[in-house]
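This is protein-v1.cif (mmCIF, C-alpha atoms).
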data_run
#
loop_
_atom_site.label_atom_id
_atom_site.label_comp_id
_atom_site.auth_asym_id
_atom_site.auth_seq_id
_atom_site.Cartn_x
_atom_site.Cartn_y
_atom_site.Cartn_z
CA MET A 1 5.06 7.41 13.29
CA THR A 2 4.29 11.10 13.18
CA ASP A 3 1.61 12.63 10.99
CA ALA A 4 4.38 14.49 9.16
CA PHE A 5 5.67 11.31 7.48
CA ASP A 6 5.13 11.54 3.73
CA PRO A 7 5.61 8.18 1.94
CA SER A 8 5.82 9.93 -1.43
CA ALA A 9 9.02 11.65 -0.31
CA HIS A 10 10.79 8.27 -0.38
CA LEU A 11 8.67 6.52 -3.00
CA PRO A 12 7.38 9.25 -5.36
CA ASP A 13 4.16 8.81 -7.31
CA ASP A 14 5.93 8.97 -10.68
CA LEU A 15 8.44 6.27 -9.66
CA LEU A 16 5.61 4.11 -8.32
CA GLY A 17 3.78 4.58 -11.61
CA ARG A 18 6.76 3.42 -13.66
CA ILE A 19 7.20 0.36 -11.43
CA ARG A 20 3.50 -0.48 -11.81
CA ALA A 21 3.72 -0.10 -15.59
CA ARG A 22 6.60 -2.61 -15.77
CA ALA A 23 5.13 -5.21 -13.40
CA ALA A 24 3.03 -7.14 -15.93
CA GLY A 25 5.97 -7.51 -18.34
CA VAL A 26 8.30 -8.67 -15.56
CA ASP A 27 5.76 -11.30 -14.57
CA ARG A 28 5.09 -12.41 -18.14
CA ASP A 29 8.77 -12.70 -19.05
CA ASN A 30 9.77 -14.24 -15.69
CA VAL A 31 12.73 -11.87 -15.26
CA PHE A 32 14.21 -9.83 -12.45
CA PRO A 33 12.94 -6.21 -12.35
CA ASP A 34 16.37 -4.65 -12.93
CA ALA A 35 14.92 -1.26 -13.88
CA ASP A 36 12.89 -1.17 -10.65
CA LEU A 37 15.95 -1.91 -8.54
CA ASP A 38 18.06 0.66 -10.39
CA GLU A 39 15.48 3.39 -9.82
CA LEU A 40 14.87 2.45 -6.20
CA ARG A 41 18.61 2.43 -5.50
CA ALA A 42 19.01 5.85 -7.15
CA ALA A 43 16.15 7.16 -4.99
CA GLY A 44 17.92 6.00 -1.81
CA TYR A 45 15.31 3.34 -1.08
CA LEU A 46 17.85 0.66 -0.16
CA SER A 47 19.02 2.77 2.77
CA ILE A 48 15.69 3.99 4.17
CA LEU A 49 16.41 2.18 7.46
CA VAL A 50 20.06 3.28 7.69
CA PRO A 51 20.75 6.07 10.22
CA ALA A 52 21.21 9.51 8.74
CA GLU A 53 24.72 9.75 10.17
CA LEU A 54 25.68 6.69 8.11
CA GLY A 55 24.20 8.03 4.90
CA GLY A 56 20.62 6.77 5.05
CA ALA A 57 17.15 8.20 5.55
CA GLY A 58 16.95 7.16 9.20
CA LEU A 59 13.35 5.93 8.97
CA SER A 60 11.64 3.80 11.58
CA LEU A 61 10.50 0.23 10.93
CA GLU A 62 6.92 1.47 11.08
CA GLN A 63 7.65 3.93 8.28
CA ALA A 64 9.46 1.27 6.23
CA SER A 65 6.43 -0.99 6.60
CA VAL A 66 4.20 1.74 5.16
CA LEU A 67 6.58 2.16 2.23
CA GLN A 68 6.71 -1.56 1.53
CA GLN A 69 2.93 -1.72 1.54
CA ARG A 70 2.92 1.17 -0.94
CA LEU A 71 5.52 -0.52 -3.18
CA ALA A 72 3.56 -3.79 -3.11
CA THR A 73 0.46 -2.04 -4.45
CA ALA A 74 2.46 -1.43 -7.63
CA ALA A 75 4.60 -4.57 -7.97
CA PRO A 76 4.39 -7.27 -5.28
CA ALA A 77 7.35 -9.23 -6.67
CA THR A 78 9.58 -6.17 -6.64
CA ALA A 79 8.50 -5.41 -3.07
CA LEU A 80 9.19 -8.99 -2.00
CA ALA A 81 12.65 -8.96 -3.57
CA VAL A 82 13.62 -5.62 -2.03
CA ASN A 83 12.17 -6.88 1.27
CA MET A 84 15.02 -9.31 1.70
CA HIS A 85 17.58 -6.51 1.51
CA LEU A 86 15.53 -4.39 3.89
CA VAL A 87 15.37 -7.28 6.36
CA TRP A 88 19.14 -7.08 6.86
CA THR A 89 19.10 -3.30 7.24
CA ALA A 90 16.24 -3.65 9.73
CA VAL A 91 18.24 -6.22 11.72
CA ALA A 92 21.22 -3.86 11.70
CA LYS A 93 18.96 -1.13 13.05
CA ILE A 94 17.48 -3.38 15.75
CA LEU A 95 20.97 -4.40 16.89
CA ARG A 96 22.36 -0.87 16.79
CA GLU A 97 19.51 0.46 18.90
CA ARG A 98 20.37 -2.17 21.49
CA GLY A 99 24.05 -1.24 21.59
CA ASP A 100 25.36 -3.78 19.04
CA ASP A 101 27.12 -2.51 15.89
CA ALA A 102 27.88 -5.96 14.45
CA LEU A 103 26.03 -5.10 11.23
CA GLU A 104 27.26 -1.55 10.77
CA PHE A 105 29.00 -2.71 7.60
CA VAL A 106 25.54 -3.59 6.21
CA GLN A 107 24.32 -0.09 6.96
CA ARG A 108 27.33 1.57 5.36
CA GLY A 109 27.21 -0.79 2.39
CA SER A 110 23.51 -0.13 1.84
CA ALA A 111 24.13 3.60 1.82
CA ASP A 112 26.73 2.96 -0.89
CA GLY A 113 24.25 0.98 -2.99
CA ARG A 114 25.25 -2.58 -2.11
CA VAL A 115 22.49 -5.19 -2.23
CA TYR A 116 22.22 -7.66 0.64
CA ALA A 117 20.31 -10.90 0.04
CA PHE A 118 18.85 -13.39 2.47
CA GLY A 119 20.37 -16.88 2.32
CA ILE A 120 18.81 -18.60 5.33
CA SER A 121 16.00 -20.88 4.07
CA GLU A 122 17.03 -24.49 3.42
CA PRO A 123 15.26 -27.63 2.16
CA ASP A 124 13.67 -29.61 5.00
CA ASN A 125 14.96 -27.28 7.72
CA ASP A 126 11.96 -26.60 9.93
CA LEU A 127 14.25 -25.13 12.61
CA VAL A 128 15.01 -22.25 10.23
CA LEU A 129 17.07 -19.76 12.30
CA PHE A 130 17.78 -22.25 15.07
CA GLY A 131 19.41 -25.00 13.04
CA SER A 132 21.06 -25.53 9.66
CA THR A 133 21.77 -28.25 7.10
CA THR A 134 24.66 -26.18 5.72
CA ASP A 135 28.18 -27.06 6.87
CA ALA A 136 30.22 -24.17 8.29
CA VAL A 137 33.89 -25.15 8.41
CA PRO A 138 36.48 -22.89 10.10
CA SER A 139 38.77 -21.42 7.45
CA GLY A 140 41.50 -18.84 7.98
CA GLY A 141 39.68 -17.13 10.83
CA GLY A 142 36.44 -17.12 8.89
CA TYR A 143 34.16 -19.90 7.69
CA ALA A 144 33.62 -21.87 4.49
CA PHE A 145 29.96 -22.74 3.86
CA THR A 146 28.77 -25.78 1.92
CA GLY A 147 25.08 -26.45 1.45
CA THR A 148 21.92 -25.47 -0.39
CA LYS A 149 19.79 -22.38 0.23
CA ILE A 150 16.34 -21.99 -1.28
CA PHE A 151 14.08 -19.01 -2.02
CA THR A 152 17.09 -16.71 -2.36
CA SER A 153 15.35 -13.52 -3.46
CA LEU A 154 17.55 -11.02 -5.32
CA ALA A 155 19.54 -14.04 -6.56
CA PRO A 156 20.70 -12.49 -9.86
CA VAL A 157 21.80 -9.14 -8.41
CA TRP A 158 23.04 -9.37 -4.84
CA THR A 159 26.48 -8.10 -3.92
CA SER A 160 26.52 -9.73 -0.46
CA LEU A 161 24.66 -12.78 0.85
CA GLY A 162 23.80 -13.30 4.51
CA VAL A 163 23.95 -17.01 5.37
CA HIS A 164 24.07 -19.38 8.31
CA GLY A 165 25.51 -22.84 8.80
CA LEU A 166 26.44 -25.39 11.45
CA ASP A 167 30.01 -25.67 12.74
CA SER A 168 30.42 -29.28 13.93
CA SER A 169 34.21 -29.16 14.28
CA ASP A 170 33.68 -29.80 18.02
CA PRO A 171 31.10 -32.59 18.07
CA ASP A 172 30.43 -31.96 21.75
CA SER A 173 29.56 -28.32 21.14
CA PRO A 174 28.21 -27.62 17.64
CA ARG A 175 27.60 -23.96 16.92
CA LEU A 176 25.44 -21.98 14.53
CA VAL A 177 27.40 -19.47 12.47
CA PHE A 178 25.89 -16.35 10.89
CA ALA A 179 28.06 -14.56 8.33
CA PHE A 180 28.09 -12.67 5.03
CA LEU A 181 29.62 -13.66 1.71
CA ASP A 182 30.97 -10.62 -0.12
CA GLY A 183 31.39 -12.33 -3.47
CA ARG A 184 30.26 -15.28 -5.55
CA ASP A 185 33.34 -17.50 -5.31
CA GLY A 186 32.03 -20.96 -4.47
CA VAL A 187 28.46 -19.88 -5.17
CA VAL A 188 26.25 -21.42 -7.86
CA THR A 189 22.91 -19.76 -8.57
CA ARG A 190 20.50 -22.08 -10.32
CA ASP A 191 18.22 -20.60 -12.95
CA ASP A 192 15.23 -22.51 -11.57
CA TRP A 193 12.64 -19.85 -10.68
CA ASP A 194 9.59 -20.77 -12.76
CA THR A 195 6.70 -20.30 -10.36
CA VAL A 196 2.99 -19.55 -10.27
CA GLY A 197 3.46 -16.10 -8.78
CA MET A 198 6.00 -13.61 -7.43
CA ARG A 199 7.99 -14.34 -10.57
CA GLY A 200 9.95 -11.10 -10.55
CA SER A 201 11.51 -11.86 -7.16
CA GLN A 202 13.70 -14.47 -8.90
CA SER A 203 14.13 -16.30 -5.59
CA ARG A 204 16.38 -18.97 -7.05
CA THR A 205 18.15 -21.88 -5.39
CA THR A 206 21.71 -21.15 -4.26
CA GLU A 207 24.42 -23.79 -3.93
CA LEU A 208 27.35 -23.04 -1.62
CA HIS A 209 30.56 -24.94 -2.32
CA ALA A 210 33.07 -23.91 0.35
CA ALA A 211 32.00 -20.30 -0.14
CA THR A 212 34.09 -18.37 2.35
CA ALA A 213 33.19 -15.50 4.65
CA PRO A 214 36.25 -13.77 6.15
CA ALA A 215 36.57 -13.25 9.90
CA GLU A 216 35.33 -9.66 9.72
CA ARG A 217 32.08 -10.84 8.13
CA VAL A 218 31.32 -13.50 10.75
CA VAL A 219 28.57 -11.89 12.81
CA ARG A 220 27.73 -14.59 15.38
CA THR A 221 28.65 -18.10 16.48
CA LEU A 222 25.93 -19.41 18.79
CA SER A 223 25.48 -22.52 20.89
CA LEU A 224 22.50 -24.61 19.86
CA GLU A 225 21.49 -24.72 23.51
CA SER A 226 21.47 -20.98 24.10
CA ALA A 227 18.35 -18.85 24.33
CA PRO A 228 17.50 -16.91 21.16
CA ASP A 229 20.17 -14.31 20.50
CA VAL A 230 19.19 -10.73 19.69
CA LEU A 231 20.41 -11.39 16.13
CA GLN A 232 18.00 -14.31 15.75
CA PHE A 233 15.20 -12.26 17.28
CA GLY A 234 16.00 -9.32 15.01
CA ILE A 235 15.99 -11.49 11.87
CA PHE A 236 12.70 -13.14 12.86
CA ALA A 237 11.02 -9.84 13.75
CA ALA A 238 12.17 -7.94 10.67
CA PHE A 239 11.38 -10.83 8.34
CA GLU A 240 7.85 -11.43 9.63
CA LEU A 241 6.83 -7.78 9.82
CA LEU A 242 8.24 -6.68 6.47
CA LEU A 243 6.83 -9.80 4.81
CA ALA A 244 3.41 -9.06 6.28
CA SER A 245 3.75 -5.53 4.89
CA VAL A 246 4.03 -6.84 1.33
CA TYR A 247 0.88 -8.92 1.65
CA ALA A 248 -0.99 -6.06 3.30
CA GLY A 249 -0.07 -4.00 0.24
CA ILE A 250 -1.49 -6.69 -2.05
CA ALA A 251 -4.72 -6.65 -0.05
CA CYS A 252 -4.98 -2.88 -0.33
CA ARG A 253 -4.48 -2.94 -4.09
CA ALA A 254 -7.07 -5.70 -4.52
CA ILE A 255 -9.68 -3.55 -2.79
CA GLU A 256 -8.77 -0.58 -4.98
CA LEU A 257 -9.17 -2.68 -8.13
CA ALA A 258 -12.44 -4.22 -6.97
CA ALA A 259 -13.86 -0.79 -6.09
CA ALA A 260 -12.86 0.57 -9.50
CA ALA A 261 -14.42 -2.41 -11.28
CA VAL A 262 -17.82 -2.17 -9.57
CA SER A 263 -17.83 1.60 -10.05
CA ALA A 264 -17.41 1.15 -13.80
CA ARG A 265 -20.25 -1.35 -14.23
CA THR A 266 -24.03 -0.98 -14.40
CA SER A 267 -26.62 -3.64 -13.64
CA LEU A 268 -28.70 -4.59 -16.68
CA LYS A 269 -31.46 -5.74 -14.31
CA THR A 270 -31.83 -2.50 -12.32
CA GLY A 271 -30.03 0.06 -14.44
CA ALA A 272 -28.20 1.19 -11.31
CA PRO A 273 -24.40 1.30 -10.87
CA ARG A 274 -23.06 -1.93 -9.39
CA ARG A 275 -21.49 0.08 -6.59
CA GLU A 276 -25.00 0.80 -5.26
CA ASP A 277 -25.96 -2.88 -4.98
CA PRO A 278 -26.23 -3.75 -1.25
CA LEU A 279 -24.59 -7.13 -1.83
CA VAL A 280 -21.64 -5.53 -3.62
CA ARG A 281 -21.27 -2.91 -0.90
CA ALA A 282 -21.34 -5.62 1.76
CA ARG A 283 -18.59 -7.52 -0.07
CA ILE A 284 -16.37 -4.44 -0.42
CA GLY A 285 -17.10 -3.47 3.18
CA GLY A 286 -16.06 -6.89 4.46
CA MET A 287 -12.81 -6.66 2.52
CA ALA A 288 -12.14 -3.21 3.97
CA ILE A 289 -12.76 -4.38 7.53
CA ASP A 290 -10.39 -7.30 7.07
CA TYR A 291 -7.72 -5.04 5.59
CA ASP A 292 -8.01 -2.48 8.40
CA GLY A 293 -7.31 -5.21 10.93
CA ILE A 294 -3.97 -6.28 9.44
CA ALA A 295 -2.88 -2.71 8.62
CA LEU A 296 -3.53 -1.51 12.16
CA GLU A 297 -1.87 -4.55 13.72
CA LEU A 298 1.18 -4.03 11.53
CA ALA A 299 1.41 -0.42 12.64
CA ALA A 300 1.17 -1.43 16.31
CA LEU A 301 3.78 -4.19 16.16
CA THR A 302 6.32 -2.25 14.08
CA ARG A 303 5.91 0.68 16.48
CA ASP A 304 6.46 -1.62 19.46
CA LEU A 305 9.64 -2.93 17.86
CA ASP A 306 10.83 0.62 17.16
CA ASP A 307 10.13 1.53 20.78
CA ALA A 308 11.83 -1.64 22.13
CA VAL A 309 8.64 -2.68 23.94
CA ASP A 310 9.32 -5.83 25.95
CA HIS A 311 6.76 -8.48 25.06
CA GLY A 312 9.14 -11.14 26.36
CA ALA A 313 8.45 -14.66 25.15
CA ARG A 314 5.18 -13.47 23.56
CA TRP A 315 7.10 -11.71 20.79
CA PHE A 316 7.53 -14.85 18.66
CA GLY A 317 3.83 -15.67 18.79
CA LEU A 318 2.85 -12.10 18.00
CA LEU A 319 5.23 -11.93 15.04
CA SER A 320 4.39 -15.30 13.50
CA GLY A 321 0.70 -14.60 14.08
CA MET A 322 1.01 -11.27 12.29
CA LYS A 323 2.57 -12.89 9.25
CA HIS A 324 -0.01 -15.68 9.24
CA ARG A 325 -2.92 -13.23 9.47
CA ALA A 326 -1.52 -10.96 6.78
CA VAL A 327 -1.06 -13.67 4.18
CA THR A 328 -4.34 -15.49 4.87
CA VAL A 329 -6.40 -12.30 5.04
CA ALA A 330 -4.74 -10.95 1.89
CA ALA A 331 -5.59 -14.18 0.03
CA ARG A 332 -9.20 -13.95 1.18
CA ILE A 333 -9.43 -10.30 0.12
CA VAL A 334 -8.01 -11.07 -3.33
CA ASP A 335 -10.53 -13.89 -3.76
CA GLU A 336 -13.37 -11.56 -2.81
CA ALA A 337 -12.02 -8.92 -5.20
CA LEU A 338 -12.10 -11.44 -8.06
CA VAL A 339 -15.77 -12.11 -7.39
CA ALA A 340 -16.58 -8.41 -7.17
CA ALA A 341 -14.68 -7.54 -10.35
CA GLY A 342 -16.29 -10.31 -12.39
CA GLY A 343 -15.11 -12.58 -15.20
CA SER A 344 -12.68 -10.12 -16.74
CA SER A 345 -10.37 -10.66 -13.74
CA PHE A 346 -9.82 -14.24 -14.92
CA ARG A 347 -7.87 -13.02 -17.92
CA ASN A 348 -4.08 -12.89 -17.72
CA ALA A 349 -4.17 -9.23 -18.73
CA SER A 350 -6.00 -8.39 -15.50
CA GLU A 351 -3.90 -7.04 -12.65
CA LEU A 352 -6.18 -8.91 -10.23
CA SER A 353 -5.30 -12.13 -12.01
CA ARG A 354 -1.63 -11.48 -11.28
CA LEU A 355 -2.36 -10.55 -7.66
CA SER A 356 -4.30 -13.81 -7.27
CA ARG A 357 -1.12 -15.69 -8.17
CA ASP A 358 1.30 -13.51 -6.24
CA VAL A 359 -0.68 -13.72 -3.01
CA ARG A 360 -0.44 -17.54 -2.97
CA ALA A 361 3.28 -17.33 -2.23
CA GLY A 362 2.55 -16.12 1.30
CA ILE A 363 1.88 -19.54 2.79
CA PHE A 364 5.34 -20.78 1.77
CA HIS A 365 7.31 -18.14 3.70
CA PRO A 366 8.33 -18.85 7.30
CA SER A 367 6.56 -19.05 9.63
CA SER A 368 4.38 -21.74 8.08
CA PRO A 369 0.71 -21.85 9.08
CA ASP A 370 1.36 -24.93 11.24
CA SER A 371 4.36 -23.32 12.92
CA ALA A 372 2.49 -20.09 13.64
CA GLN A 373 -0.41 -21.99 15.18
CA GLN A 374 1.90 -24.12 17.34
CA THR A 375 3.71 -21.01 18.58
CA ALA A 376 0.41 -19.35 19.45
CA ALA A 377 -0.87 -22.48 21.19
CA ALA A 378 2.24 -22.63 23.39
CA ALA A 379 1.29 -19.33 25.04
CA TRP A 380 -1.96 -20.90 26.26
CA LEU A 381 -1.10 -24.56 26.76
CA ASP A 382 2.55 -24.77 27.88
#
Rewrite the structure of this file - the entire thing - as structure tokens.
Amino acid sequence: MTDAFDPSAHLPDDLLGRIRARAAGVDRDNVFPDADLDELRAAGYLSILVPAELGGAGLSLEQASVLQQRLATAAPATALAVNMHLVWTAVAKILRERGDDALEFVQRGSADGRVYAFGISEPDNDLVLFGSTTDAVPSGGGYAFTGTKIFTSLAPVWTSLGVHGLDSSDPDSPRLVFAFLDGRDGVVTRDDWDTVGMRGSQSRTTELHAATAPAERVVRTLSLESAPDVLQFGIFAAFELLLASVYAGIACRAIELAAAAVSARTSLKTGAPRREDPLVRARIGGMAIDYDGIALELAALTRDLDDAVDHGARWFGLLSGMKHRAVTVAARIVDEALVAAGGSSFRNASELSRLSRDVRAGIFHPSSPDSAQQTAAAAWLD
């Protein structure tokens, strides 16, 4: 990323301020941030990763990561919801840069304002991208999908849903199918998102009842025995890095709030500002050091992906490790910020209180902590 990149050109300060001002109400009312999405779409944010020749901003993944961190400092739930759209545009970019235009329709649709949601996660599917509990039945050249998807961010507003399922029509050669639904026929969206945090993402459960993707929206059919396809790699890479970006943004905002809180307080014992207390400075300093580590690692890995650096089999461990570090470090930073800010941060009106709930969602996104650790261990033990 060049020094000339200006995040405010794509996410202006005034827009960020309006999103921040709405965040508490969205969380309190447990609703989707429709106004945020409308303004972001009007600003061209949904197509930041789409090539300029297809109507987008043509940004790199590294630049998009910076923007998602910036958005998350204002409204983590909005950033998480938009993330799932950006994942698909990032995958389209990764494929296109490797000579594969299978997702060009996603790029063109994003430039036109369409919203692409992520319908991959399933109950009890620890294979995630490499298996599915959803049935994919051949239908008129396309596929009809029947199954249940969970954590479907953007559930109330998507115009197209990327899904996968298992085609078992040939029992000797079952195949994974990746496709996009361009409408809601056969789709039931449950109104079941009542969670501790990330309430505005409205990541509701989605039921598919023979929901059909036409032939032109079937992106891949893959053997279960094949090595990871570039599509699977692209989804995994984009998902982990953009997800980590959201939690890095939460960590950054927590430090800002903690610094503001200690700067506004004075010790009754010493009469000195709390910011001058060596213990307080050590706490803030530790938070800053932790944050720098995940921010710099994010920059390095997104840049490597942009530059098509070949980490070979190490990529999956690096990506899952990045996500794991980002969410665990962000949670630790928020906890430290609560201590630094004092008892007022325990009130619901406190932004730190909301961040303390939002950051807990990180452990539930793939890769799980156990999965990330097993992937890392394989590089040393297998």
>> Translate the PyMOL selection byres ((chain A and resi 58-62) around 8) into a concrete residue list for this structure, as a VMD selection string.
In response: chain A and resid 1 48 to 52 56 to 57 63 to 66 90 298 to 299 302 to 303 305 to 306
>> So, with all atoms listed in the file as the atoms that count, which of A:Ala102, A:Leu208, A:Val230, A:Met84 lies closest to Lys149 in chain A?
In response: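 For Lys149 in chain A, the nearest of the candidates is A:Leu208.
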Selection dump of the PyMOL selection byres ((chain A and resi 360) around 10), as a PDB file with C-alpha atoms, in the frame of the given file:
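Dumped to result09.pdb:
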ATOM      1  CA  VAL A 196       2.990 -19.550 -10.270  1.00  0.00           C
ATOM      2  CA  GLY A 197       3.460 -16.100  -8.780  1.00  0.00           C
ATOM      3  CA  MET A 198       6.000 -13.610  -7.430  1.00  0.00           C
ATOM      4  CA  TYR A 247       0.880  -8.920   1.650  1.00  0.00           C
ATOM      5  CA  VAL A 327      -1.060 -13.670   4.180  1.00  0.00           C
ATOM      6  CA  THR A 328      -4.340 -15.490   4.870  1.00  0.00           C
ATOM      7  CA  ALA A 330      -4.740 -10.950   1.890  1.00  0.00           C
ATOM      8  CA  ALA A 331      -5.590 -14.180   0.030  1.00  0.00           C
ATOM      9  CA  VAL A 334      -8.010 -11.070  -3.330  1.00  0.00           C
ATOM     10  CA  LEU A 355      -2.360 -10.550  -7.660  1.00  0.00           C
ATOM     11  CA  SER A 356      -4.300 -13.810  -7.270  1.00  0.00           C
ATOM     12  CA  ARG A 357      -1.120 -15.690  -8.170  1.00  0.00           C
ATOM     13  CA  ASP A 358       1.300 -13.510  -6.240  1.00  0.00           C
ATOM     14  CA  VAL A 359      -0.680 -13.720  -3.010  1.00  0.00           C
ATOM     15  CA  ALA A 361       3.280 -17.330  -2.230  1.00  0.00           C
ATOM     16  CA  GLY A 362       2.550 -16.120   1.300  1.00  0.00           C
ATOM     17  CA  ILE A 363       1.880 -19.540   2.790  1.00  0.00           C
ATOM     18  CA  PHE A 364       5.340 -20.780   1.770  1.00  0.00           C
TER      19      PHE A 364
END
> At a cut-off of 8 Å from (35.1, -24.3, 3.5) in the coordinates of the file, what residues are picked up using only C-alpha atoms, written as a count of residues only?
Replying inline: 12
>> Report as a PyMOL selection string all protein, DNA and RNA residues lying within 10 Å of Leu231 in chain A, evaluated on only C-alpha atoms, omitting residues in the same chain fewer than 5 positions from it.
In response: chain A and resi 91-92+94-95+100+102-103+129+178+219-220+236-237
>> For Ser223 in chain A, find every residue with an atom within 12 Å (counting all atoms listed in the file), except residues of its own chain fewer than 6 positions away, and show them as an MDAnalysis selection string.
In response: chainID A and resid 130:131 166:168 170:178 229
>> Using all atoms listed in the file, can you tell me which of A:Val26, A:Ala349, A:Ala155, A:Ala300 comes closest to Asp191 in chain A?
In response: A:Ala155
Need the axis-aligned box for range 111-130 of chain A with 5 Å each side, so what are the centre and edges in Å to one decimal, as lines of an AutoDock Vina configuration file?
center_x = 19.3
center_y = -13.0
center_z = 6.0
size_x = 24.8
size_y = 43.2
size_z = 28.1
> Given the file above and the PyMOL selection byres ((chain A and resi 286) around 12), which residues are selected, and can you give them as a PyMOL selection string?
Replying inline: chain A and resi 255+279-285+287-293+329+332-334+336-337+340
>> Here is a test: counting all atoms listed in the file, which residue of A:Ala42, A:Leu352, A:Ala377, A:Ala79 is nearest to His10 in chain A?
In response: A:Ala42
Fix up range 106-112 of chain A with all heavy atoms, then write it as an mmCIF file, in the coordinates of the input.
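Written out: part-v1.cif:
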data_model
loop_
_atom_site.group_PDB
_atom_site.id
_atom_site.type_symbol
_atom_site.label_atom_id
_atom_site.label_comp_id
_atom_site.auth_asym_id
_atom_site.auth_seq_id
_atom_site.Cartn_x
_atom_site.Cartn_y
_atom_site.Cartn_z
ATOM 1 N N VAL A 106 26.734 -3.482 7.058
ATOM 2 C CA VAL A 106 25.540 -3.590 6.210
ATOM 3 C C VAL A 106 24.920 -2.213 6.016
ATOM 4 O O VAL A 106 24.501 -1.873 4.901
ATOM 5 C CB VAL A 106 24.527 -4.566 6.842
ATOM 6 C CG1 VAL A 106 23.177 -4.492 6.113
ATOM 7 C CG2 VAL A 106 25.059 -6.000 6.805
ATOM 8 N N GLN A 107 24.891 -1.433 7.069
ATOM 9 C CA GLN A 107 24.320 -0.090 6.960
ATOM 10 C C GLN A 107 25.155 0.793 6.038
ATOM 11 O O GLN A 107 24.613 1.477 5.156
ATOM 12 C CB GLN A 107 24.218 0.534 8.353
ATOM 13 C CG GLN A 107 23.245 -0.213 9.261
ATOM 14 C CD GLN A 107 23.225 0.318 10.680
ATOM 15 O OE1 GLN A 107 24.278 0.538 11.297
ATOM 16 N NE2 GLN A 107 22.038 0.514 11.227
ATOM 17 N N ARG A 108 26.463 0.758 6.219
ATOM 18 C CA ARG A 108 27.330 1.570 5.360
ATOM 19 C C ARG A 108 27.283 1.074 3.908
ATOM 20 O O ARG A 108 27.242 1.878 2.967
ATOM 21 C CB ARG A 108 28.770 1.536 5.893
ATOM 22 C CG ARG A 108 28.931 2.239 7.254
ATOM 23 C CD ARG A 108 30.378 2.305 7.677
ATOM 24 N NE ARG A 108 30.537 2.947 8.972
ATOM 25 C CZ ARG A 108 30.562 4.266 9.159
ATOM 26 N NH1 ARG A 108 30.464 5.082 8.118
ATOM 27 N NH2 ARG A 108 30.705 4.766 10.374
ATOM 28 N N GLY A 109 27.274 -0.242 3.736
ATOM 29 C CA GLY A 109 27.210 -0.790 2.390
ATOM 30 C C GLY A 109 25.909 -0.445 1.695
ATOM 31 O O GLY A 109 25.894 -0.131 0.496
ATOM 32 N N SER A 110 24.809 -0.480 2.424
ATOM 33 C CA SER A 110 23.510 -0.130 1.840
ATOM 34 C C SER A 110 23.490 1.313 1.389
ATOM 35 O O SER A 110 22.936 1.639 0.327
ATOM 36 C CB SER A 110 22.391 -0.395 2.846
ATOM 37 O OG SER A 110 22.320 -1.771 3.174
ATOM 38 N N ALA A 111 24.064 2.185 2.199
ATOM 39 C CA ALA A 111 24.130 3.600 1.820
ATOM 40 C C ALA A 111 24.960 3.801 0.556
ATOM 41 O O ALA A 111 24.736 4.758 -0.199
ATOM 42 C CB ALA A 111 24.695 4.420 2.972
ATOM 43 N N ASP A 112 25.899 2.888 0.315
ATOM 44 C CA ASP A 112 26.730 2.960 -0.890
ATOM 45 C C ASP A 112 26.115 2.218 -2.081
ATOM 46 O O ASP A 112 26.740 2.148 -3.148
ATOM 47 C CB ASP A 112 28.124 2.378 -0.604
ATOM 48 C CG ASP A 112 28.951 3.284 0.298
ATOM 49 O OD1 ASP A 112 28.641 4.496 0.363
ATOM 50 O OD2 ASP A 112 29.886 2.782 0.951
#
